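J.: Quick one: the structure is below, questions incoming.
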Amino acid sequence: MKKEAIFAPGLPRPRVAYSPMIKAGPFLFISGQLASDLNTGTPPEAALNPGFPHHGSDIERQTEFVCDTVEALLQAGGGTRDDVLFYTNYLTDQADMHGATQTMQRRYGGTAPPQATIFVEELPIPGCRTEIDLIAILPAVGVKVEHLNPTSLPAMLPRGLSGSALNHYGVKSDQWIFTGGIMATDFNKGLAPAADTTREFPYYGERARLQTAYILDQLKQILDAGGASLSDVVKAGIYLTDLHDFFRVDEVWREYFPENPPARCTVPVSDLGIPGARIAINLIAFLPGAGDARHTVRSDAAPTQLAHEPQAVRAGPLLFFSQQMATDFRTGVPPEASINPAFPFYGSTSAAQVNYIVGNVTAICRAAGTHADNLVRRRGFYTDFSEFFTSFATWGKAFPSEPPASTTVRVPTPLIVPGCKVAIDLIAVMPD
């Protein structure tokens, strides 16, 4: 499968090394889009008119601006908004959640695709309140997108005037299933009672384990509606409001994925939008056809994860990585990813960490039968933006031609390996 960087006519060129969109076969990977013209910051058309302060909101204007950009990119790639299977909305302010969600639903004529909304510390352009990235698939002839909304699960919030949900739990297109970011809620009392401890018996349970099991049970029902099971999951995104929950989540993960677990990206976030919700999980599943089964990928030239996750999983034409950080999973951040403390001004910590990550990614790609030049999607979760440009310049040197689509946000510190400045989530394509 070949990749192609797409630059839509009339849209500004990126200021750092990423492609606005990568097209690979039927897949469209759209970079995180912000309400910016990449020249003046946030332009007037993405802001509320100060002369009419009660006619709309900044988040609505910014979301509309982002949607216009996304639709221009989709059109340049031969797609439409109906081809979007999943999007992530990164917000900096909890008060913006309602306006952002309502705006997306208006753009989709009522019911938007599966999504994950998470709250982060900062976006890379001051004044921007939302960043949205998407994955779309151009359907093959005769293939119809199927929305997955099991009747055994409660209707999601928010709901339309008719009572219908305004988001789908999941979607299936050909061999692929994407779920939304699921939390342990019954959309009635906030946290579902089955996912929480009781006042009478507060020590007879543990909230992170209860929430993880509740979420995975819901995800099983969504997958089942699409003819899949947890054994078909090839990629998981996990968002945690407290990294102390990571070990407990991993224990439950081992029960639900006893063998061949999916690639996984675990990210700390500021909030999830529902009081008490500590965890959100979204999944990608692959239903293999003849000759394209999934494979767990392992390279001896790259570190082996400590937790219950592989280095990567190959599924048909795509290669999904677990999050990449500058760690050997033995000593924390190893010397080769660090700056010599005796010479602190003779290098950049971020550059050293990115170079270390690129080396591991290259080795994993080689073990899978592809090349790092075939990366199509990158998400960078930073704890510090002070070396953002240096980090991206280092990344750009490794990918001077058609760099992958990219999303960049700042998340709470630390990452799951303290000392790491960035966690990078990646997808690559397999060559023809």
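To be explicit about the labels: the chains of the structure tokens are called A, B, and onward in the order shown, and within each one the residues are counted from 1, while ligands get numbers from 1 in the order they are shown.
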Would you list the contacts of A:Phe381 as a PyMOL selection string, taking every protein, DNA or RNA residue within 8 Å and counting only C-alpha atoms, but skipping same-chain residues closer than 3 positions in sequence?

T.: chain A and resi 267+408-411+422-424

J.: Residues near A:Asp232, anyone? I mean within 10 Å using only C-alpha atoms, not counting same-chain ones fewer than 3 positions away, as a PyMOL selection string.

T.: chain A and resi 176-177+223+227-229+235+260-262+283-288+293-294+315

J.: Near A:Leu38, counting only C-alpha atoms, which residues have an atom at most 9 Å away, once you skip same-chain residues fewer than 2 positions from it, shown as a PyMOL selection string?

T.: chain A and resi 12-15+35-36+40-42+125

J.: Write the residues you've just listed into a file as a PDB file, in the first residue's frame, and include N, CA and C atoms for each of them.

T.:
ATOM      1  N   PRO A  12      -3.249  26.640   4.504  1.00  0.00           N
ATOM      2  CA  PRO A  12      -1.855  27.008   4.774  1.00  0.00           C
ATOM      3  C   PRO A  12      -0.965  25.778   4.908  1.00  0.00           C
ATOM      4  N   ARG A  13       0.304  25.943   4.567  1.00  0.00           N
ATOM      5  CA  ARG A  13       1.273  24.864   4.712  1.00  0.00           C
ATOM      6  C   ARG A  13       1.693  24.751   6.178  1.00  0.00           C
ATOM      7  N   PRO A  14       1.934  23.537   6.668  1.00  0.00           N
ATOM      8  CA  PRO A  14       2.382  23.360   8.053  1.00  0.00           C
ATOM      9  C   PRO A  14       3.697  24.091   8.310  1.00  0.00           C
ATOM     10  N   ARG A  15       3.878  24.531   9.540  1.00  0.00           N
ATOM     11  CA  ARG A  15       5.096  25.238   9.930  1.00  0.00           C
ATOM     12  C   ARG A  15       6.165  24.283  10.455  1.00  0.00           C
ATOM     13  N   ALA A  35      -7.922  25.814  15.115  1.00  0.00           N
ATOM     14  CA  ALA A  35      -8.552  27.004  14.539  1.00  0.00           C
ATOM     15  C   ALA A  35      -7.498  28.078  14.330  1.00  0.00           C
ATOM     16  N   SER A  36      -6.610  27.818  13.366  1.00  0.00           N
ATOM     17  CA  SER A  36      -5.521  28.751  13.089  1.00  0.00           C
ATOM     18  C   SER A  36      -5.252  28.796  11.597  1.00  0.00           C
ATOM     19  N   THR A  40      -1.367  34.127  11.652  1.00  0.00           N
ATOM     20  CA  THR A  40      -1.669  35.143  12.665  1.00  0.00           C
ATOM     21  C   THR A  40      -2.108  34.542  13.991  1.00  0.00           C
ATOM     22  N   GLY A  41      -2.139  33.218  14.090  1.00  0.00           N
ATOM     23  CA  GLY A  41      -2.695  32.566  15.272  1.00  0.00           C
ATOM     24  C   GLY A  41      -4.133  32.207  14.986  1.00  0.00           C
ATOM     25  N   THR A  42      -5.053  32.611  15.860  1.00  0.00           N
ATOM     26  CA  THR A  42      -6.481  32.371  15.625  1.00  0.00           C
ATOM     27  C   THR A  42      -7.052  33.536  14.832  1.00  0.00           C
ATOM     28  N   ILE A 125      -0.770  26.017  19.721  1.00  0.00           N
ATOM     29  CA  ILE A 125      -0.944  27.412  19.290  1.00  0.00           C
ATOM     30  C   ILE A 125      -1.778  28.138  20.342  1.00  0.00           C
TER      31      ILE A 125
END

J.: Identify, on the basis of only C-alpha atoms, every residue whose closest approach to stretch 139-143 of chain A does not exceed 12 Å; exclude the query and any residue fewer than 5 positions from it along the same chain; express the result as a ChimeraX atom specification.

T.: /A:25-28,78-80,82-85,172-176

J.: Can you pull out the residues contacting A:Ile279? Cut-off 12 Å, using only C-alpha atoms, and skip same-chain residues under 2 positions away; I want them as a VMD selection string.

T.: chain A and resid 116 to 118 181 to 185 191 195 207 to 216 237 to 246 248 to 249 266 to 277 281 to 282

J.: Go ahead and dump the residues you just picked, N, CA and C atoms, as a short mmCIF file (atom, residue, chain, number, x, y, z; two decimals), in the first residue's frame.

T.:
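Okay, this is what ended up in result.cif:
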data_model
loop_
_atom_site.label_atom_id
_atom_site.label_comp_id
_atom_site.auth_asym_id
_atom_site.auth_seq_id
_atom_site.Cartn_x
_atom_site.Cartn_y
_atom_site.Cartn_z
N ALA A 116 -13.82 10.31 20.81
CA ALA A 116 -13.30 10.41 22.17
C ALA A 116 -13.02 11.88 22.44
N THR A 117 -13.58 12.41 23.50
CA THR A 117 -13.30 13.78 23.91
C THR A 117 -12.48 13.73 25.18
N ILE A 118 -11.29 14.31 25.15
CA ILE A 118 -10.41 14.30 26.31
C ILE A 118 -9.93 15.72 26.57
N GLY A 181 -14.74 6.46 22.49
CA GLY A 181 -14.07 6.41 23.78
C GLY A 181 -15.11 6.15 24.87
N ILE A 182 -15.10 4.94 25.40
CA ILE A 182 -16.14 4.50 26.33
C ILE A 182 -15.69 4.73 27.76
N MET A 183 -16.61 5.25 28.59
CA MET A 183 -16.36 5.45 30.01
C MET A 183 -17.36 4.63 30.82
N ALA A 184 -17.12 4.52 32.11
CA ALA A 184 -17.96 3.68 32.97
C ALA A 184 -19.19 4.45 33.44
N THR A 185 -20.05 4.80 32.50
CA THR A 185 -21.26 5.54 32.83
C THR A 185 -22.48 4.83 32.26
N LEU A 191 -21.37 7.96 37.06
CA LEU A 191 -20.76 6.64 37.09
C LEU A 191 -21.84 5.58 37.29
N ALA A 195 -19.86 0.12 38.48
CA ALA A 195 -18.46 0.49 38.24
C ALA A 195 -17.89 1.29 39.40
N ARG A 207 -11.82 1.22 42.39
CA ARG A 207 -12.53 1.91 41.31
C ARG A 207 -11.88 1.72 39.95
N ALA A 208 -10.56 1.75 39.87
CA ALA A 208 -9.93 1.60 38.56
C ALA A 208 -10.23 0.23 37.96
N ARG A 209 -10.17 -0.82 38.78
CA ARG A 209 -10.49 -2.15 38.28
C ARG A 209 -11.95 -2.25 37.88
N LEU A 210 -12.83 -1.72 38.73
CA LEU A 210 -14.26 -1.78 38.43
C LEU A 210 -14.59 -1.03 37.15
N GLN A 211 -14.02 0.16 36.99
CA GLN A 211 -14.31 0.94 35.78
C GLN A 211 -13.75 0.27 34.53
N THR A 212 -12.56 -0.29 34.63
CA THR A 212 -11.96 -0.95 33.46
C THR A 212 -12.80 -2.14 33.03
N ALA A 213 -13.21 -2.98 33.98
CA ALA A 213 -14.02 -4.15 33.65
C ALA A 213 -15.37 -3.72 33.06
N TYR A 214 -15.98 -2.69 33.63
CA TYR A 214 -17.26 -2.22 33.13
C TYR A 214 -17.13 -1.74 31.68
N ILE A 215 -16.08 -0.98 31.42
CA ILE A 215 -15.86 -0.46 30.06
C ILE A 215 -15.62 -1.59 29.08
N LEU A 216 -14.77 -2.54 29.44
CA LEU A 216 -14.47 -3.64 28.52
C LEU A 216 -15.70 -4.51 28.27
N GLY A 237 -6.76 2.65 22.70
CA GLY A 237 -6.36 3.93 23.27
C GLY A 237 -6.92 4.03 24.68
N ILE A 238 -6.07 4.28 25.67
CA ILE A 238 -6.51 4.38 27.07
C ILE A 238 -6.13 5.76 27.59
N TYR A 239 -7.10 6.43 28.19
CA TYR A 239 -6.88 7.76 28.74
C TYR A 239 -7.17 7.71 30.24
N LEU A 240 -6.19 8.12 31.05
CA LEU A 240 -6.28 8.02 32.51
C LEU A 240 -6.17 9.40 33.15
N THR A 241 -7.04 9.66 34.11
CA THR A 241 -6.94 10.90 34.88
C THR A 241 -5.96 10.76 36.04
N ASP A 242 -5.57 9.52 36.36
CA ASP A 242 -4.62 9.27 37.45
C ASP A 242 -3.75 8.08 37.05
N LEU A 243 -2.46 8.33 36.83
CA LEU A 243 -1.57 7.25 36.39
C LEU A 243 -1.35 6.18 37.45
N HIS A 244 -1.72 6.45 38.69
CA HIS A 244 -1.64 5.40 39.70
C HIS A 244 -2.60 4.25 39.38
N ASP A 245 -3.56 4.51 38.49
CA ASP A 245 -4.50 3.46 38.08
C ASP A 245 -3.91 2.53 37.03
N PHE A 246 -2.77 2.87 36.46
CA PHE A 246 -2.26 2.12 35.31
C PHE A 246 -2.05 0.64 35.64
N ARG A 248 -3.45 -1.19 37.92
CA ARG A 248 -4.73 -1.87 38.13
C ARG A 248 -5.45 -2.11 36.80
N VAL A 249 -5.39 -1.13 35.91
CA VAL A 249 -5.96 -1.31 34.57
C VAL A 249 -5.28 -2.48 33.88
N THR A 266 -1.32 4.51 26.16
CA THR A 266 -1.88 4.95 27.43
C THR A 266 -1.41 6.37 27.71
N VAL A 267 -2.37 7.28 27.91
CA VAL A 267 -2.07 8.70 27.99
C VAL A 267 -2.69 9.32 29.23
N PRO A 268 -1.94 10.11 29.99
CA PRO A 268 -2.57 10.87 31.08
C PRO A 268 -3.34 12.06 30.53
N VAL A 269 -4.51 12.33 31.09
CA VAL A 269 -5.32 13.46 30.65
C VAL A 269 -5.78 14.25 31.87
N SER A 270 -6.21 15.48 31.62
CA SER A 270 -6.64 16.35 32.71
C SER A 270 -8.01 15.95 33.24
N ASP A 271 -8.90 15.54 32.35
CA ASP A 271 -10.27 15.20 32.74
C ASP A 271 -10.92 14.47 31.58
N LEU A 272 -12.08 13.84 31.89
CA LEU A 272 -12.81 13.11 30.86
C LEU A 272 -14.24 13.61 30.68
N GLY A 273 -14.63 14.62 31.44
CA GLY A 273 -15.93 15.24 31.21
C GLY A 273 -17.08 14.67 32.02
N ILE A 274 -16.86 13.59 32.76
CA ILE A 274 -17.89 13.02 33.63
C ILE A 274 -17.30 12.91 35.04
N PRO A 275 -17.87 13.56 36.03
CA PRO A 275 -17.30 13.50 37.39
C PRO A 275 -17.12 12.06 37.86
N GLY A 276 -15.92 11.76 38.33
CA GLY A 276 -15.64 10.42 38.83
C GLY A 276 -15.09 9.47 37.79
N ALA A 277 -15.24 9.81 36.50
CA ALA A 277 -14.70 8.94 35.46
C ALA A 277 -13.18 9.05 35.45
N ILE A 281 -11.66 4.33 27.15
CA ILE A 281 -10.98 3.37 26.26
C ILE A 281 -11.70 3.35 24.91
N ASN A 282 -10.93 3.45 23.83
CA ASN A 282 -11.47 3.20 22.50
C ASN A 282 -10.66 2.09 21.83
#

J.: Once DSSP has gone over the backbone, tell me which residues of stretch 20-118 of chain A are in strand (DSSP E), as a list in words.

T.: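 Those in stretch 20-118 of chain A that DSSP calls strand (DSSP E) are Met21, Ile22, Lys23, Ala24, Phe27, Leu28, Phe29, Ile30, Ser31, Gly32, Gln33, Leu34, Val84, Leu85, Phe86, Tyr87, Thr88, Asn89, Tyr90, Leu91, Gln115, Ala116, Thr117 and Ile118 of chain A.
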
J.: Would you please work out which residue, of A:Val120, A:Cys265, A:Met325, A:Val358, is nearest to A:Pro412 when using only C-alpha atoms?

T.: A:Val120

J.: Fewer than 2 positions away in the same chain doesn't count, so skip those; otherwise give me all residues within 12 Å of A:Glu336, counting only C-alpha atoms, as a compact mmCIF listing (two decimals) with N, CA and C atoms, in the first residue's frame.

T.:
# COMPACT_ATOMS: atom_id res chain seq x y z
N ALA A 326 11.11 7.25 25.25
CA ALA A 326 12.57 7.09 25.33
C ALA A 326 12.94 6.32 26.60
N THR A 327 12.56 5.04 26.62
CA THR A 327 12.87 4.18 27.75
C THR A 327 13.30 2.80 27.27
N ASP A 328 14.17 2.17 28.05
CA ASP A 328 14.56 0.79 27.76
C ASP A 328 13.74 -0.19 28.60
N THR A 331 15.90 0.79 33.02
CA THR A 331 16.53 1.83 33.85
C THR A 331 15.78 3.14 33.80
N GLY A 332 14.63 3.18 33.19
CA GLY A 332 13.94 4.45 32.97
C GLY A 332 14.39 5.05 31.66
N VAL A 333 14.83 6.30 31.67
CA VAL A 333 15.38 6.92 30.47
C VAL A 333 16.86 6.53 30.40
N PRO A 334 17.30 5.79 29.39
CA PRO A 334 18.68 5.30 29.34
C PRO A 334 19.65 6.42 28.95
N SER A 338 19.62 10.52 26.81
CA SER A 338 19.79 11.62 27.77
C SER A 338 20.96 12.50 27.37
N ILE A 339 21.03 13.65 28.02
CA ILE A 339 22.15 14.56 27.83
C ILE A 339 23.15 14.35 28.97
N ASN A 340 24.42 14.31 28.64
CA ASN A 340 25.45 14.16 29.66
C ASN A 340 25.35 15.32 30.65
N THR A 349 17.57 17.55 25.38
CA THR A 349 16.95 16.34 25.91
C THR A 349 15.86 15.82 24.98
N ALA A 351 15.56 16.29 21.74
CA ALA A 351 16.16 15.74 20.52
C ALA A 351 16.73 14.35 20.78
N ALA A 352 17.40 14.17 21.92
CA ALA A 352 17.96 12.86 22.25
C ALA A 352 16.86 11.82 22.40
N GLN A 353 15.75 12.21 23.04
CA GLN A 353 14.65 11.26 23.23
C GLN A 353 13.98 10.91 21.90
N VAL A 354 13.78 11.91 21.05
CA VAL A 354 13.14 11.63 19.76
C VAL A 354 14.04 10.73 18.91
N ASN A 355 15.34 10.98 18.89
CA ASN A 355 16.24 10.13 18.13
C ASN A 355 16.20 8.68 18.63
N TYR A 356 16.12 8.52 19.95
CA TYR A 356 16.03 7.18 20.53
C TYR A 356 14.74 6.49 20.06
N ILE A 357 13.64 7.23 20.09
CA ILE A 357 12.35 6.68 19.65
C ILE A 357 12.40 6.30 18.18
N GLY A 359 14.92 5.39 16.40
CA GLY A 359 15.68 4.16 16.24
C GLY A 359 14.86 2.93 16.56
